[in-house]
Amino acid sequence: MRLPSKVEKPIAFAHRGARAHAAENTAEAFDLAVKLGATGIESDVWLTADNELILTHDGTVGLRRRKISQMQREELPENWITLPELLERIPAGLDVSIDIKTDAAMEPLLDWAGTLDPLTRGRLYLCHHDWERLAAWRSIDSHVRLIDSTSLKSMTDGPERRAFRLADAGIDGVNLHHREWTGGMATLFHRFDRLCFGWDAQHSRILHDLLRMGLDGVYSDHVDIMMETLASHLDQGPAATPTVHD
């Protein structure tokens, strides 16, 4: 049984760029992800000592494991880029999912996002593991998308109550590991008008299952496999008339 997603075309996020094909979170990986057809780019953000929003997974660099928060932008590897540089680099229509690795980065990020047009801000999906922190940040910018990146174990009051709270707080969706998604779970969050994202979707079978459940976005290191699976899914036509998320 195929279930409808909330978007006309589910977003195919290249996890840390085309990570399976190039060094993750580098300019080369992001460029290759675009070339392979990804409709979204995923990365992680940290804040440098000179307040640059640098894209990398870990908060340290080099064999000495120096903290990025204590380093200047110019001290970091040349093929690392900042979030503003990423948006300048990729086509305007691509969605961008950013995992907020340090709370210190959020307000500078939102200040920068405020300089963008509303349509571009609406393509920024900011993920954080604490939905209450997201709720506090919602008042700063009403256009960016906020995503609760969590687990079912963390939903101590149950997924239905979490879906209600996310909707009430203006948080746009939830991001779970692919193993935690079922068609019923996706339907539950869609009933509260929340987007459903699934990460670590590395194989065609997993991607196929998530798309059949009606997920609105998937994350994969293997951009080529992801795009082939998405194309096959879309060729089957919509499961039902979708509600386009504008």
# chains A, B, ... in the order shown; residues from 1 in each chain; ligands from 1
call {"tool": "residues_around", "arguments": {"residues": "segment 225-235 of chain A", "least_positions_apart": "2", "cutoff": "12 Å", "atoms": "only C-alpha atoms", "output": "MDAnalysis selection string"}}
result
chainID A and resid 2:5 8:15 18 20:21 33:40 199:223 237:239
call {"tool": "select_by_dssp", "arguments": {"residues": "segment 9-216 of chain A", "states": "strand (DSSP E or B)", "output": "PyMOL selection string"}}
result
chain A and resi 11-15+40-47+53-55+60-61+66-67+82+95-100+124-128+145-149+173-177+195-199
call {"tool": "closest_residue", "arguments": {"among": "A:Trp137, A:Trp181, A:Phe192, A:Phe30", "to": "Arg161 of chain A", "atoms": "only C-alpha atoms"}}
result
A:Phe192
call {"tool": "residues_around", "arguments": {"residues": "Leu166 of chain A", "least_positions_apart": "6", "cutoff": "10 Å", "atoms": "only C-alpha atoms", "output": "list in words"}}
result
Trp131, Glu132, Leu134, Ala135, Leu146, Ile147, Asp148, Glu160, Asp172, Gly173, Val174, Phe189, Phe192, Asp193 and Arg194 of chain A
call {"tool": "write_last_selection", "arguments": {"atoms": "C-alpha atoms", "output": "PDB file, in the first residue's frame"}}
result
ATOM      1  CA  TRP A 131      12.132  20.440  20.230  1.00  0.00           C
ATOM      2  CA  GLU A 132      11.675  22.877  23.115  1.00  0.00           C
ATOM      3  CA  LEU A 134      13.310  24.871  18.528  1.00  0.00           C
ATOM      4  CA  ALA A 135      10.074  26.254  19.963  1.00  0.00           C
ATOM      5  CA  LEU A 146      12.310  23.764  12.031  1.00  0.00           C
ATOM      6  CA  ILE A 147      12.667  19.988  12.338  1.00  0.00           C
ATOM      7  CA  ASP A 148      12.642  17.880  15.498  1.00  0.00           C
ATOM      8  CA  GLU A 160       0.843  11.456  19.215  1.00  0.00           C
ATOM      9  CA  ASP A 172       7.409  21.924  10.885  1.00  0.00           C
ATOM     10  CA  GLY A 173       8.304  18.269  11.108  1.00  0.00           C
ATOM     11  CA  VAL A 174      10.091  15.320  12.643  1.00  0.00           C
ATOM     12  CA  PHE A 189       2.373  13.025  12.042  1.00  0.00           C
ATOM     13  CA  PHE A 192      -1.083  16.943  12.610  1.00  0.00           C
ATOM     14  CA  ASP A 193       0.174  18.520   9.363  1.00  0.00           C
ATOM     15  CA  ARG A 194       3.837  17.813  10.217  1.00  0.00           C
TER      16      ARG A 194
END
call {"tool": "atom_distance", "arguments": {"atom1": "atom CA of Ile54 of chain A", "atom2": "atom CA of Leu83 of chain A"}}
result
6.3 Å
call {"tool": "select_by_dssp", "arguments": {"residues": "segment 40-194 of chain A", "states": "helix (DSSP H, G or I)", "output": "number ranges by chain"}}
result
A: 68-70, 73-75, 83-89, 103-113, 118-121, 131-138, 159-169, 178-180, 183-191
call {"tool": "closest_residue", "arguments": {"among": "A:Thr82, A:Thr120, A:Lys6, A:Ala29", "to": "Ala186 of chain A", "atoms": "only C-alpha atoms"}}
result
A:Lys6
call {"tool": "residues_around", "arguments": {"residues": "segment 96-99 of chain A", "least_positions_apart": "2", "cutoff": "7 Å", "atoms": "only C-alpha atoms", "output": "PyMOL selection string"}}
result
chain A and resi 40-45+94+101+123-128
